Amino acid sequence: MIRIRSAVCLTLLIGLQQTCTAQVRVATDFPGGSAVVVSVDDAKQAVHIQPQLHPDDGWPCWWSFRLDGLSIGRSVHVTVSGNPAPFRSGRVLGSSWSLPDQASISSDGMHWKHTPKTEIKDGAAVYVFEAQAETMWVAWGPPFLPSDTEVLLGEIAGALPNSELFELARTRGDRPVRAIRFGARSDGSGETPAVWIQARQHAWETGSSWVASGFLKWVAGDDPAAIELRNKATFYVVPIMDVDRVVDGAGGKEAVPRDHNRDWDGQPVYPEVRAAQNAIKELANGHRFDLFIDLHNPAPGNRQTFFFGPKLDQLPETQYRNYIRWKAIAVSQIKDLVPDYRFTSYIKTQEELDRVSNNWVRRNTSGHVVALTLETAWNRPEGTQQGYQQVGKQLGLTIAQYLGGNVE
Ligand SMILES: [Zn+2]
């Protein structure tokens with residue numbers, strides 16, 4: 001949605017001097033753009049927006065827009081309030097999901113930094129920052145789009161000559177879901193471990209793709225632990241699963257007909273879920289599958305990163321030992337990690353819980369496999385491109401140590 005306001009020009013009769021204030025414009029006509037403009041005040045260089053509702057495409061929590069016509073050096077006031085429209089059968093999303101303590105801003109659409117911390121009052125946040133360019137981008141968090149996937153995977157493929165870029169699937173909207181495979185080649189003995197890492201089953205959780213980016217950059221780099229790891233195991237990484245909703249600027253979570261992360265059964269709605277299931281099953285049939293990590297971001301009140309995992313006391317002994325060992329290593333490598341696994345409590349039925357990705361993976365692979373959801377905290381100063389990538393590196397170090405030991 002674009003709203004254009006006419007410029008306000010004041011003719012000062014004394015001296016016949018004309019002063020034109022900037023013509024502030026809000027634009028969302030680009031991939032991932034999302035905002036409903038409530039008001040624009042040129043004189044104050046202030047805008048008020050809400051995240052756009054995308055019917056059937058999940059929570060209206062993601063917002064991202066471009067501001068044109070800013071006066072450099074003056075303050076910009078961006079007010080954000082929650083979208084009050086029901087996103088699904090009479091359900092309205094709480095505004096806290098739309099209101100990070102710090103918004104993300106950029107002068108080039110590539111490098112993002114946080115605004116100063118806002119105060120949230122009466123369901124609205126006002127983010128204040130100085131205009132550093134006539135055009136600036138403002139978003140809920142640092143965006144990560146399919147174009148970022150292309151650049152990232154191209155960079156990793158360039159660094160790792162034996163890697164292979166592949167199209168996991170084409171989405172319902174006929175868009176490619178890009179992925180990369182790299183690392184050790186199986187010698188057919190079943191000794192080479194395989195690891196599957198994916199992000200963005202929930203489109204608004206951009207931090208998860210930045211975690212994937214941090215992992216890839218670390219594992220493709222020259223840290224001896226990274227070199228050893230990629231000589232030892234095969235990796236499959238998908239930086240964006242729900243490409244359609246990422247491009248559309250939708251939230252994705254609790255979408256109709258299905259939440260993307262609760263589509264993991266015998267009849268998935270999303271082609272990329274089916275393709276991931278088939279690839280994982282094939283690896284498991286070759287007795288090579290060891291680790292599945294689904295990358296997400298949690299609730300606004302979760303200021304620490306944590307893993308959603310299974311109830312350990314219900315696991316077979318080997319799997320139990322592997323989960324305990326993974327946890328001990330992860331706590332030593334991932335900064336501020338909640339030391340215990342958490343269990344999904346907001347999904348009400350067992351049938352729906354069974355359709356969550358890591359639960360499907362556990363049921364459809366061998367009895368030693370570790371399958372987890374990593375929920376990287378976003379509502380904190382580390383919720384930046386650099387902060388998320390640091391978690392990705394720490395995830396890599398965790399995997400290196402885990403696979404470096406005796407995997408049962
Ligand atoms: Zn999620």
# chains A, B, ... in the order shown; residues from 1 in each chain; ligands from 1

$ select_by_dssp --residues "segment 191-397 of chain A" --states "strand (DSSP E or B)" --output "list in words"
Ala194, Val195, Trp196, Ile197, Gln198, Ala199, Thr234, Phe235, Tyr236, Val237, Val238, Phe289, Asp290, Leu291, Phe292, Ile293, Asp294, Leu295, His296, Phe306, Phe307, Phe308, Arg342, Val370, Ala371, Leu372, Thr373, Leu374 and Glu375 of chain A

$ write_last_selection --atoms "C-alpha atoms" --output "PDB file, in the first residue's frame"
ATOM      1  CA  ALA A 194      23.569 -36.125   7.884  1.00  0.00           C
ATOM      2  CA  VAL A 195      22.144 -32.928   9.348  1.00  0.00           C
ATOM      3  CA  TRP A 196      19.058 -30.995   8.191  1.00  0.00           C
ATOM      4  CA  ILE A 197      18.667 -27.329   9.162  1.00  0.00           C
ATOM      5  CA  GLN A 198      15.743 -25.197   8.024  1.00  0.00           C
ATOM      6  CA  ALA A 199      14.344 -21.773   8.871  1.00  0.00           C
ATOM      7  CA  THR A 234      26.684 -33.916   5.170  1.00  0.00           C
ATOM      8  CA  PHE A 235      24.525 -30.812   5.599  1.00  0.00           C
ATOM      9  CA  TYR A 236      21.261 -29.700   4.077  1.00  0.00           C
ATOM     10  CA  VAL A 237      20.248 -26.100   4.817  1.00  0.00           C
ATOM     11  CA  VAL A 238      17.043 -24.306   3.759  1.00  0.00           C
ATOM     12  CA  PHE A 289      20.276 -39.216   9.502  1.00  0.00           C
ATOM     13  CA  ASP A 290      21.362 -37.784  12.840  1.00  0.00           C
ATOM     14  CA  LEU A 291      20.165 -34.255  13.487  1.00  0.00           C
ATOM     15  CA  PHE A 292      17.217 -32.020  12.581  1.00  0.00           C
ATOM     16  CA  ILE A 293      17.129 -28.372  13.654  1.00  0.00           C
ATOM     17  CA  ASP A 294      14.105 -26.192  12.842  1.00  0.00           C
ATOM     18  CA  LEU A 295      14.914 -22.508  13.385  1.00  0.00           C
ATOM     19  CA  HIS A 296      12.291 -20.167  14.847  1.00  0.00           C
ATOM     20  CA  PHE A 306      15.747 -21.997  24.103  1.00  0.00           C
ATOM     21  CA  PHE A 307      14.988 -25.342  22.471  1.00  0.00           C
ATOM     22  CA  PHE A 308      11.574 -26.893  22.172  1.00  0.00           C
ATOM     23  CA  ARG A 342      10.837 -26.619  26.806  1.00  0.00           C
ATOM     24  CA  VAL A 370      17.933 -35.627  17.804  1.00  0.00           C
ATOM     25  CA  ALA A 371      15.216 -33.331  16.380  1.00  0.00           C
ATOM     26  CA  LEU A 372      14.699 -29.899  17.901  1.00  0.00           C
ATOM     27  CA  THR A 373      13.255 -26.437  17.413  1.00  0.00           C
ATOM     28  CA  LEU A 374      15.683 -23.633  18.233  1.00  0.00           C
ATOM     29  CA  GLU A 375      13.831 -20.510  19.360  1.00  0.00           C
TER      30      GLU A 375
END

$ residues_near_ligand --ligand "ligand 1" --cutoff "12 Å" --atoms "only C-alpha atoms and all ligand atoms" --output "PDB file with N, CA and C atoms, in the first residue's frame"
ATOM      1  N   GLY A  58      -2.040 -15.899   8.223  1.00  0.00           N
ATOM      2  CA  GLY A  58      -1.461 -15.924   9.558  1.00  0.00           C
ATOM      3  C   GLY A  58      -1.424 -14.585  10.270  1.00  0.00           C
ATOM      4  N   TRP A  59      -0.708 -14.595  11.362  1.00  0.00           N
ATOM      5  CA  TRP A  59      -0.680 -13.435  12.261  1.00  0.00           C
ATOM      6  C   TRP A  59      -0.265 -12.142  11.548  1.00  0.00           C
ATOM      7  N   GLN A 198      16.662 -26.022   8.808  1.00  0.00           N
ATOM      8  CA  GLN A 198      15.743 -25.197   8.024  1.00  0.00           C
ATOM      9  C   GLN A 198      15.241 -24.029   8.871  1.00  0.00           C
ATOM     10  N   ALA A 199      14.857 -22.963   8.175  1.00  0.00           N
ATOM     11  CA  ALA A 199      14.344 -21.773   8.871  1.00  0.00           C
ATOM     12  C   ALA A 199      13.089 -21.264   8.177  1.00  0.00           C
ATOM     13  N   ARG A 200      12.393 -20.371   8.900  1.00  0.00           N
ATOM     14  CA  ARG A 200      11.263 -19.620   8.333  1.00  0.00           C
ATOM     15  C   ARG A 200      10.081 -20.492   7.928  1.00  0.00           C
ATOM     16  N   GLN A 201       9.728 -21.459   8.752  1.00  0.00           N
ATOM     17  CA  GLN A 201       8.401 -22.025   8.528  1.00  0.00           C
ATOM     18  C   GLN A 201       7.354 -20.980   8.913  1.00  0.00           C
ATOM     19  N   HIS A 202       7.745 -20.067   9.790  1.00  0.00           N
ATOM     20  CA  HIS A 202       6.882 -18.929  10.125  1.00  0.00           C
ATOM     21  C   HIS A 202       7.506 -17.674   9.529  1.00  0.00           C
ATOM     22  N   ALA A 203       6.778 -17.075   8.587  1.00  0.00           N
ATOM     23  CA  ALA A 203       7.369 -16.045   7.734  1.00  0.00           C
ATOM     24  C   ALA A 203       7.872 -14.827   8.504  1.00  0.00           C
ATOM     25  N   TRP A 204       7.187 -14.458   9.588  1.00  0.00           N
ATOM     26  CA  TRP A 204       7.584 -13.239  10.304  1.00  0.00           C
ATOM     27  C   TRP A 204       8.890 -13.419  11.081  1.00  0.00           C
ATOM     28  N   GLU A 205       9.307 -14.672  11.300  1.00  0.00           N
ATOM     29  CA  GLU A 205      10.451 -14.916  12.188  1.00  0.00           C
ATOM     30  C   GLU A 205      11.761 -14.774  11.416  1.00  0.00           C
ATOM     31  N   THR A 206      12.048 -13.538  11.001  1.00  0.00           N
ATOM     32  CA  THR A 206      13.203 -13.282  10.135  1.00  0.00           C
ATOM     33  C   THR A 206      14.522 -13.637  10.825  1.00  0.00           C
ATOM     34  N   GLY A 207      14.548 -13.526  12.145  1.00  0.00           N
ATOM     35  CA  GLY A 207      15.775 -13.833  12.879  1.00  0.00           C
ATOM     36  C   GLY A 207      16.242 -15.252  12.627  1.00  0.00           C
ATOM     37  N   SER A 208      15.287 -16.168  12.380  1.00  0.00           N
ATOM     38  CA  SER A 208      15.671 -17.569  12.178  1.00  0.00           C
ATOM     39  C   SER A 208      16.508 -17.727  10.906  1.00  0.00           C
ATOM     40  N   SER A 209      16.179 -16.959   9.864  1.00  0.00           N
ATOM     41  CA  SER A 209      16.990 -17.035   8.632  1.00  0.00           C
ATOM     42  C   SER A 209      18.381 -16.455   8.862  1.00  0.00           C
ATOM     43  N   MET A 241      11.700 -21.534   4.312  1.00  0.00           N
ATOM     44  CA  MET A 241      10.742 -22.571   3.902  1.00  0.00           C
ATOM     45  C   MET A 241       9.477 -21.941   3.301  1.00  0.00           C
ATOM     46  N   ASP A 242       8.804 -21.071   4.046  1.00  0.00           N
ATOM     47  CA  ASP A 242       7.530 -20.508   3.571  1.00  0.00           C
ATOM     48  C   ASP A 242       7.803 -19.263   2.704  1.00  0.00           C
ATOM     49  N   GLY A 251       2.507 -12.801   8.080  1.00  0.00           N
ATOM     50  CA  GLY A 251       3.109 -13.368   9.294  1.00  0.00           C
ATOM     51  C   GLY A 251       3.281 -14.875   9.225  1.00  0.00           C
ATOM     52  N   GLY A 252       2.278 -15.564   8.663  1.00  0.00           N
ATOM     53  CA  GLY A 252       2.380 -17.004   8.451  1.00  0.00           C
ATOM     54  C   GLY A 252       1.889 -17.864   9.595  1.00  0.00           C
ATOM     55  N   LYS A 253       2.209 -17.489  10.803  1.00  0.00           N
ATOM     56  CA  LYS A 253       1.846 -18.356  11.939  1.00  0.00           C
ATOM     57  C   LYS A 253       0.315 -18.470  12.037  1.00  0.00           C
ATOM     58  N   GLU A 254      -0.143 -19.682  12.243  1.00  0.00           N
ATOM     59  CA  GLU A 254      -1.574 -19.997  12.317  1.00  0.00           C
ATOM     60  C   GLU A 254      -2.310 -19.660  11.024  1.00  0.00           C
ATOM     61  N   ALA A 255      -1.633 -19.872   9.907  1.00  0.00           N
ATOM     62  CA  ALA A 255      -2.250 -19.629   8.601  1.00  0.00           C
ATOM     63  C   ALA A 255      -3.341 -20.669   8.334  1.00  0.00           C
ATOM     64  N   ASP A 259      -1.052 -24.019   9.706  1.00  0.00           N
ATOM     65  CA  ASP A 259       0.234 -23.469  10.119  1.00  0.00           C
ATOM     66  C   ASP A 259       1.325 -24.318   9.432  1.00  0.00           C
ATOM     67  N   HIS A 260       2.293 -23.642   8.831  1.00  0.00           N
ATOM     68  CA  HIS A 260       3.331 -24.355   8.079  1.00  0.00           C
ATOM     69  C   HIS A 260       4.068 -25.376   8.941  1.00  0.00           C
ATOM     70  N   ASN A 261       4.287 -25.037  10.200  1.00  0.00           N
ATOM     71  CA  ASN A 261       5.027 -25.931  11.092  1.00  0.00           C
ATOM     72  C   ASN A 261       4.160 -27.061  11.648  1.00  0.00           C
ATOM     73  N   ARG A 262       2.849 -27.024  11.359  1.00  0.00           N
ATOM     74  CA  ARG A 262       1.971 -28.116  11.807  1.00  0.00           C
ATOM     75  C   ARG A 262       1.365 -28.805  10.590  1.00  0.00           C
ATOM     76  N   ASP A 294      15.066 -27.108  13.458  1.00  0.00           N
ATOM     77  CA  ASP A 294      14.105 -26.192  12.842  1.00  0.00           C
ATOM     78  C   ASP A 294      14.253 -24.841  13.547  1.00  0.00           C
ATOM     79  N   LEU A 295      14.596 -23.812  12.779  1.00  0.00           N
ATOM     80  CA  LEU A 295      14.914 -22.508  13.385  1.00  0.00           C
ATOM     81  C   LEU A 295      13.683 -21.602  13.437  1.00  0.00           C
ATOM     82  N   HIS A 296      13.448 -21.048  14.612  1.00  0.00           N
ATOM     83  CA  HIS A 296      12.291 -20.167  14.847  1.00  0.00           C
ATOM     84  C   HIS A 296      12.693 -19.002  15.743  1.00  0.00           C
ATOM     85  N   ASN A 297      11.708 -18.100  15.962  1.00  0.00           N
ATOM     86  CA  ASN A 297      11.835 -17.048  16.985  1.00  0.00           C
ATOM     87  C   ASN A 297      10.622 -17.145  17.904  1.00  0.00           C
ATOM     88  N   PRO A 298      10.814 -16.889  19.210  1.00  0.00           N
ATOM     89  CA  PRO A 298       9.719 -17.138  20.170  1.00  0.00           C
ATOM     90  C   PRO A 298       8.840 -15.907  20.429  1.00  0.00           C
ATOM     91  N   ALA A 299       8.253 -15.856  21.605  1.00  0.00           N
ATOM     92  CA  ALA A 299       7.324 -14.781  21.980  1.00  0.00           C
ATOM     93  C   ALA A 299       8.098 -13.545  22.457  1.00  0.00           C
ATOM     94  N   PHE A 307      15.411 -24.264  23.376  1.00  0.00           N
ATOM     95  CA  PHE A 307      14.988 -25.342  22.471  1.00  0.00           C
ATOM     96  C   PHE A 307      13.636 -25.870  22.914  1.00  0.00           C
ATOM     97  N   PHE A 308      12.728 -26.035  21.934  1.00  0.00           N
ATOM     98  CA  PHE A 308      11.574 -26.893  22.172  1.00  0.00           C
ATOM     99  C   PHE A 308      12.022 -28.319  21.894  1.00  0.00           C
ATOM    100  N   THR A 344       6.144 -27.736  23.972  1.00  0.00           N
ATOM    101  CA  THR A 344       5.074 -26.913  23.411  1.00  0.00           C
ATOM    102  C   THR A 344       3.805 -27.136  24.228  1.00  0.00           C
ATOM    103  N   VAL A 356       3.739 -31.247  14.219  1.00  0.00           N
ATOM    104  CA  VAL A 356       4.856 -30.301  14.329  1.00  0.00           C
ATOM    105  C   VAL A 356       6.113 -30.973  13.769  1.00  0.00           C
ATOM    106  N   SER A 357       6.917 -30.203  13.039  1.00  0.00           N
ATOM    107  CA  SER A 357       8.020 -30.772  12.261  1.00  0.00           C
ATOM    108  C   SER A 357       8.908 -31.713  13.068  1.00  0.00           C
ATOM    109  N   THR A 373      13.565 -27.776  17.897  1.00  0.00           N
ATOM    110  CA  THR A 373      13.255 -26.437  17.413  1.00  0.00           C
ATOM    111  C   THR A 373      14.085 -25.454  18.224  1.00  0.00           C
ATOM    112  N   LEU A 374      14.897 -24.652  17.531  1.00  0.00           N
ATOM    113  CA  LEU A 374      15.683 -23.633  18.233  1.00  0.00           C
ATOM    114  C   LEU A 374      14.937 -22.304  18.144  1.00  0.00           C
ATOM    115  N   GLU A 375      14.579 -21.773  19.284  1.00  0.00           N
ATOM    116  CA  GLU A 375      13.831 -20.510  19.360  1.00  0.00           C
ATOM    117  C   GLU A 375      14.800 -19.415  19.805  1.00  0.00           C
ATOM    118  N   THR A 376      15.307 -18.653  18.841  1.00  0.00           N
ATOM    119  CA  THR A 376      16.271 -17.601  19.157  1.00  0.00           C
ATOM    120  C   THR A 376      15.531 -16.330  19.579  1.00  0.00           C
ATOM    121  N   ALA A 377      15.835 -15.849  20.781  1.00  0.00           N
ATOM    122  CA  ALA A 377      15.154 -14.656  21.306  1.00  0.00           C
ATOM    123  C   ALA A 377      15.422 -13.452  20.396  1.00  0.00           C
ATOM    124  N   TRP A 378      14.390 -12.629  20.185  1.00  0.00           N
ATOM    125  CA  TRP A 378      14.532 -11.469  19.291  1.00  0.00           C
ATOM    126  C   TRP A 378      14.333 -10.142  20.006  1.00  0.00           C
TER     127      TRP A 378
END

$ residues_around --residues "Gly301 of chain A" --least-positions-apart "4" --cutoff "12 Å" --atoms "only C-alpha atoms" --output "ChimeraX atom specification"
/A:96-97,99-101,297,305,377-380

$ write_last_selection --atoms "N, CA, C and O atoms" --output "mmCIF file, in the first residue's frame"
data_model
loop_
_atom_site.group_PDB
_atom_site.id
_atom_site.type_symbol
_atom_site.label_atom_id
_atom_site.label_comp_id
_atom_site.auth_asym_id
_atom_site.auth_seq_id
_atom_site.Cartn_x
_atom_site.Cartn_y
_atom_site.Cartn_z
ATOM 1 N N SER A 96 1.482 -7.002 21.348
ATOM 2 C CA SER A 96 2.902 -7.127 21.735
ATOM 3 C C SER A 96 3.742 -7.830 20.675
ATOM 4 O O SER A 96 4.947 -7.591 20.572
ATOM 5 N N TRP A 97 3.106 -8.698 19.871
ATOM 6 C CA TRP A 97 3.851 -9.410 18.823
ATOM 7 C C TRP A 97 4.329 -8.442 17.730
ATOM 8 O O TRP A 97 5.273 -8.753 16.994
ATOM 9 N N LEU A 99 5.216 -5.228 18.356
ATOM 10 C CA LEU A 99 5.889 -4.072 18.938
ATOM 11 C C LEU A 99 7.188 -4.455 19.644
ATOM 12 O O LEU A 99 7.247 -4.539 20.877
ATOM 13 N N PRO A 100 8.247 -4.671 18.871
ATOM 14 C CA PRO A 100 9.534 -4.926 19.524
ATOM 15 C C PRO A 100 9.985 -3.711 20.331
ATOM 16 O O PRO A 100 9.579 -2.588 20.026
ATOM 17 N N ASP A 101 10.810 -3.942 21.322
ATOM 18 C CA ASP A 101 11.360 -2.816 22.092
ATOM 19 C C ASP A 101 12.115 -1.855 21.183
ATOM 20 O O ASP A 101 12.134 -0.655 21.402
ATOM 21 N N ASN A 297 11.708 -18.100 15.962
ATOM 22 C CA ASN A 297 11.835 -17.048 16.985
ATOM 23 C C ASN A 297 10.622 -17.145 17.904
ATOM 24 O O ASN A 297 9.515 -17.410 17.435
ATOM 25 N N THR A 305 17.212 -17.445 24.532
ATOM 26 C CA THR A 305 17.055 -18.477 23.501
ATOM 27 C C THR A 305 16.820 -19.832 24.165
ATOM 28 O O THR A 305 17.345 -20.101 25.241
ATOM 29 N N ALA A 377 15.835 -15.849 20.781
ATOM 30 C CA ALA A 377 15.154 -14.656 21.306
ATOM 31 C C ALA A 377 15.422 -13.452 20.396
ATOM 32 O O ALA A 377 16.527 -13.278 19.886
ATOM 33 N N TRP A 378 14.390 -12.629 20.185
ATOM 34 C CA TRP A 378 14.532 -11.469 19.291
ATOM 35 C C TRP A 378 14.333 -10.142 20.006
ATOM 36 O O TRP A 378 14.862 -9.118 19.578
ATOM 37 N N ASN A 379 13.562 -10.160 21.112
ATOM 38 C CA ASN A 379 13.206 -8.873 21.727
ATOM 39 C C ASN A 379 14.259 -8.465 22.746
ATOM 40 O O ASN A 379 14.012 -8.362 23.944
ATOM 41 N N ARG A 380 15.461 -8.267 22.237
ATOM 42 C CA ARG A 380 16.603 -7.933 23.081
ATOM 43 C C ARG A 380 17.650 -7.267 22.180
ATOM 44 O O ARG A 380 17.573 -7.378 20.944
#

$ atom_distance --atom1 "atom CA of Arg66 of chain A" --atom2 "atom CA of His48 of chain A"
13.0 Å

$ residues_around --residues "segment 146-150 of chain A" --least-positions-apart "4" --cutoff "9 Å" --atoms "only C-alpha atoms" --output "PyMOL selection string"
chain A and resi 31+154-155+176-179+209+213+238-240+243+246-247

$ write_last_selection --atoms "N, CA, C and O atoms" --output "short mmCIF file (atom, residue, chain, number, x, y, z; two decimals), in the first residue's frame"
data_model
loop_
_atom_site.label_atom_id
_atom_site.label_comp_id
_atom_site.auth_asym_id
_atom_site.auth_seq_id
_atom_site.Cartn_x
_atom_site.Cartn_y
_atom_site.Cartn_z
N PRO A 31 9.16 -6.84 -2.16
CA PRO A 31 9.02 -8.12 -1.46
C PRO A 31 9.16 -7.96 0.05
O PRO A 31 10.09 -7.32 0.53
N GLY A 154 24.91 -18.41 -2.81
CA GLY A 154 25.95 -18.21 -3.83
C GLY A 154 27.32 -18.05 -3.18
O GLY A 154 28.32 -18.62 -3.64
N GLU A 155 27.34 -17.28 -2.09
CA GLU A 155 28.59 -17.05 -1.37
C GLU A 155 29.13 -18.36 -0.77
O GLU A 155 30.32 -18.67 -0.88
N PRO A 176 10.50 -20.75 -6.18
CA PRO A 176 11.49 -21.75 -5.79
C PRO A 176 11.85 -21.65 -4.31
O PRO A 176 11.97 -20.56 -3.76
N VAL A 177 12.00 -22.82 -3.68
CA VAL A 177 12.52 -22.90 -2.31
C VAL A 177 13.97 -23.37 -2.43
O VAL A 177 14.23 -24.53 -2.72
N ARG A 178 14.88 -22.43 -2.26
CA ARG A 178 16.30 -22.72 -2.50
C ARG A 178 16.96 -23.33 -1.27
O ARG A 178 16.64 -22.98 -0.13
N ALA A 179 17.92 -24.22 -1.56
CA ALA A 179 18.63 -24.91 -0.47
C ALA A 179 20.04 -25.25 -0.93
O ALA A 179 20.37 -25.11 -2.11
N SER A 209 16.18 -16.96 9.86
CA SER A 209 16.99 -17.04 8.63
C SER A 209 18.38 -16.46 8.86
O SER A 209 19.37 -16.93 8.28
N SER A 213 21.98 -18.11 8.37
CA SER A 213 23.07 -17.42 7.68
C SER A 213 24.36 -17.47 8.51
O SER A 213 25.44 -17.75 7.97
N VAL A 238 18.10 -25.03 4.49
CA VAL A 238 17.04 -24.31 3.76
C VAL A 238 16.79 -23.00 4.51
O VAL A 238 16.16 -23.00 5.58
N PRO A 239 17.27 -21.85 4.00
CA PRO A 239 17.14 -20.60 4.76
C PRO A 239 15.71 -20.06 4.87
O PRO A 239 15.39 -19.36 5.82
N ILE A 240 14.86 -20.35 3.86
CA ILE A 240 13.46 -19.90 3.93
C ILE A 240 12.57 -21.03 3.44
O ILE A 240 12.65 -21.44 2.27
N VAL A 243 8.38 -19.52 1.54
CA VAL A 243 8.79 -18.42 0.64
C VAL A 243 7.60 -17.54 0.27
O VAL A 243 7.71 -16.31 0.24
N VAL A 246 6.74 -15.05 3.01
CA VAL A 246 7.85 -14.11 3.20
C VAL A 246 7.77 -13.02 2.13
O VAL A 246 7.85 -11.82 2.43
N VAL A 247 7.58 -13.42 0.88
CA VAL A 247 7.50 -12.44 -0.23
C VAL A 247 6.27 -11.55 -0.05
O VAL A 247 6.33 -10.34 -0.29
#

$ closest_atom_pairs --of "segment 168-255 of chain A" --to "segment 383-389 of chain A" --cutoff "6 Å" --atoms "only C-alpha atoms" --output "CSV"
residue,atom,partner,partner_atom,distance
A:Trp210,CA,A:Tyr388,CA,5.5
A:Val211,CA,A:Gln389,CA,4.8
A:Gly214,CA,A:Gln389,CA,3.6

$ select_by_dssp --residues "segment 144-195 of chain A" --states "helix (DSSP H, G or I)" --output "PyMOL selection string"
chain A and resi 146-159

$ closest_residue --among "A:Ala125, A:Ala250, A:Val24, A:Val369" --to "Leu53 of chain A" --atoms "only C-alpha atoms"
A:Ala250

$ residues_around --residues "segment 73-77 of chain A" --least-positions-apart "3" --cutoff "6 Å" --atoms "only C-alpha atoms" --output "list in words"
Gln45, Ala46, Tyr127, Val128, Phe129, Glu130 and Ala131 of chain A

$ write_last_selection --atoms "N, CA, C and O atoms" --output "PDB file, in the first residue's frame"
ATOM      1  N   GLN A  45       7.306  15.046  10.479  1.00  0.00           N
ATOM      2  CA  GLN A  45       8.024  13.884   9.937  1.00  0.00           C
ATOM      3  C   GLN A  45       7.642  12.631  10.752  1.00  0.00           C
ATOM      4  O   GLN A  45       8.489  11.884  11.244  1.00  0.00           O
ATOM      5  N   ALA A  46       6.329  12.456  10.866  1.00  0.00           N
ATOM      6  CA  ALA A  46       5.807  11.366  11.692  1.00  0.00           C
ATOM      7  C   ALA A  46       4.820  10.527  10.888  1.00  0.00           C
ATOM      8  O   ALA A  46       4.028  11.062  10.108  1.00  0.00           O
ATOM      9  N   TYR A 127       8.710   4.784  17.727  1.00  0.00           N
ATOM     10  CA  TYR A 127      10.149   4.643  17.492  1.00  0.00           C
ATOM     11  C   TYR A 127      10.664   5.972  16.940  1.00  0.00           C
ATOM     12  O   TYR A 127      10.124   6.485  15.950  1.00  0.00           O
ATOM     13  N   VAL A 128      11.672   6.530  17.599  1.00  0.00           N
ATOM     14  CA  VAL A 128      12.199   7.838  17.197  1.00  0.00           C
ATOM     15  C   VAL A 128      13.666   7.676  16.798  1.00  0.00           C
ATOM     16  O   VAL A 128      14.452   7.077  17.532  1.00  0.00           O
ATOM     17  N   PHE A 129      14.000   8.173  15.632  1.00  0.00           N
ATOM     18  CA  PHE A 129      15.385   8.101  15.161  1.00  0.00           C
ATOM     19  C   PHE A 129      15.649   9.277  14.235  1.00  0.00           C
ATOM     20  O   PHE A 129      14.727   9.927  13.748  1.00  0.00           O
ATOM     21  N   GLU A 130      16.912   9.507  13.984  1.00  0.00           N
ATOM     22  CA  GLU A 130      17.286  10.624  13.112  1.00  0.00           C
ATOM     23  C   GLU A 130      17.329  10.169  11.653  1.00  0.00           C
ATOM     24  O   GLU A 130      17.861   9.089  11.361  1.00  0.00           O
ATOM     25  N   ALA A 131      16.772  10.977  10.768  1.00  0.00           N
ATOM     26  CA  ALA A 131      16.844  10.636   9.337  1.00  0.00           C
ATOM     27  C   ALA A 131      18.283  10.800   8.866  1.00  0.00           C
ATOM     28  O   ALA A 131      18.849  11.885   8.952  1.00  0.00           O
TER      29      ALA A 131
END

$ atom_distance --atom1 "atom CA of Tyr270 of chain A" --atom2 "atom CA of Gly173 of chain A"
10.1 Å

$ residues_around --residues "Glu317 of chain A" --least-positions-apart "5" --cutoff "9 Å" --atoms "only C-alpha atoms" --output "VMD selection string"
chain A and resid 322 367 to 368

$ write_last_selection --atoms "N, CA, C and O atoms" --output "PDB file, in the first residue's frame"
ATOM      1  N   ASN A 322      21.360 -39.163  23.915  1.00  0.00           N
ATOM      2  CA  ASN A 322      21.781 -38.177  22.908  1.00  0.00           C
ATOM      3  C   ASN A 322      21.202 -36.786  23.207  1.00  0.00           C
ATOM      4  O   ASN A 322      21.892 -35.779  23.046  1.00  0.00           O
ATOM      5  N   GLY A 367      15.934 -44.420  15.968  1.00  0.00           N
ATOM      6  CA  GLY A 367      15.786 -44.195  17.401  1.00  0.00           C
ATOM      7  C   GLY A 367      16.953 -43.497  18.074  1.00  0.00           C
ATOM      8  O   GLY A 367      17.019 -43.452  19.300  1.00  0.00           O
ATOM      9  N   HIS A 368      17.884 -42.937  17.315  1.00  0.00           N
ATOM     10  CA  HIS A 368      18.988 -42.199  17.937  1.00  0.00           C
ATOM     11  C   HIS A 368      18.947 -40.719  17.573  1.00  0.00           C
ATOM     12  O   HIS A 368      19.740 -39.930  18.084  1.00  0.00           O
TER      13      HIS A 368
END

$ closest_residue --among "A:Leu395, A:Val80, A:Leu67, A:Ala275" --to "Val36 of chain A" --atoms "only C-alpha atoms"
A:Val80
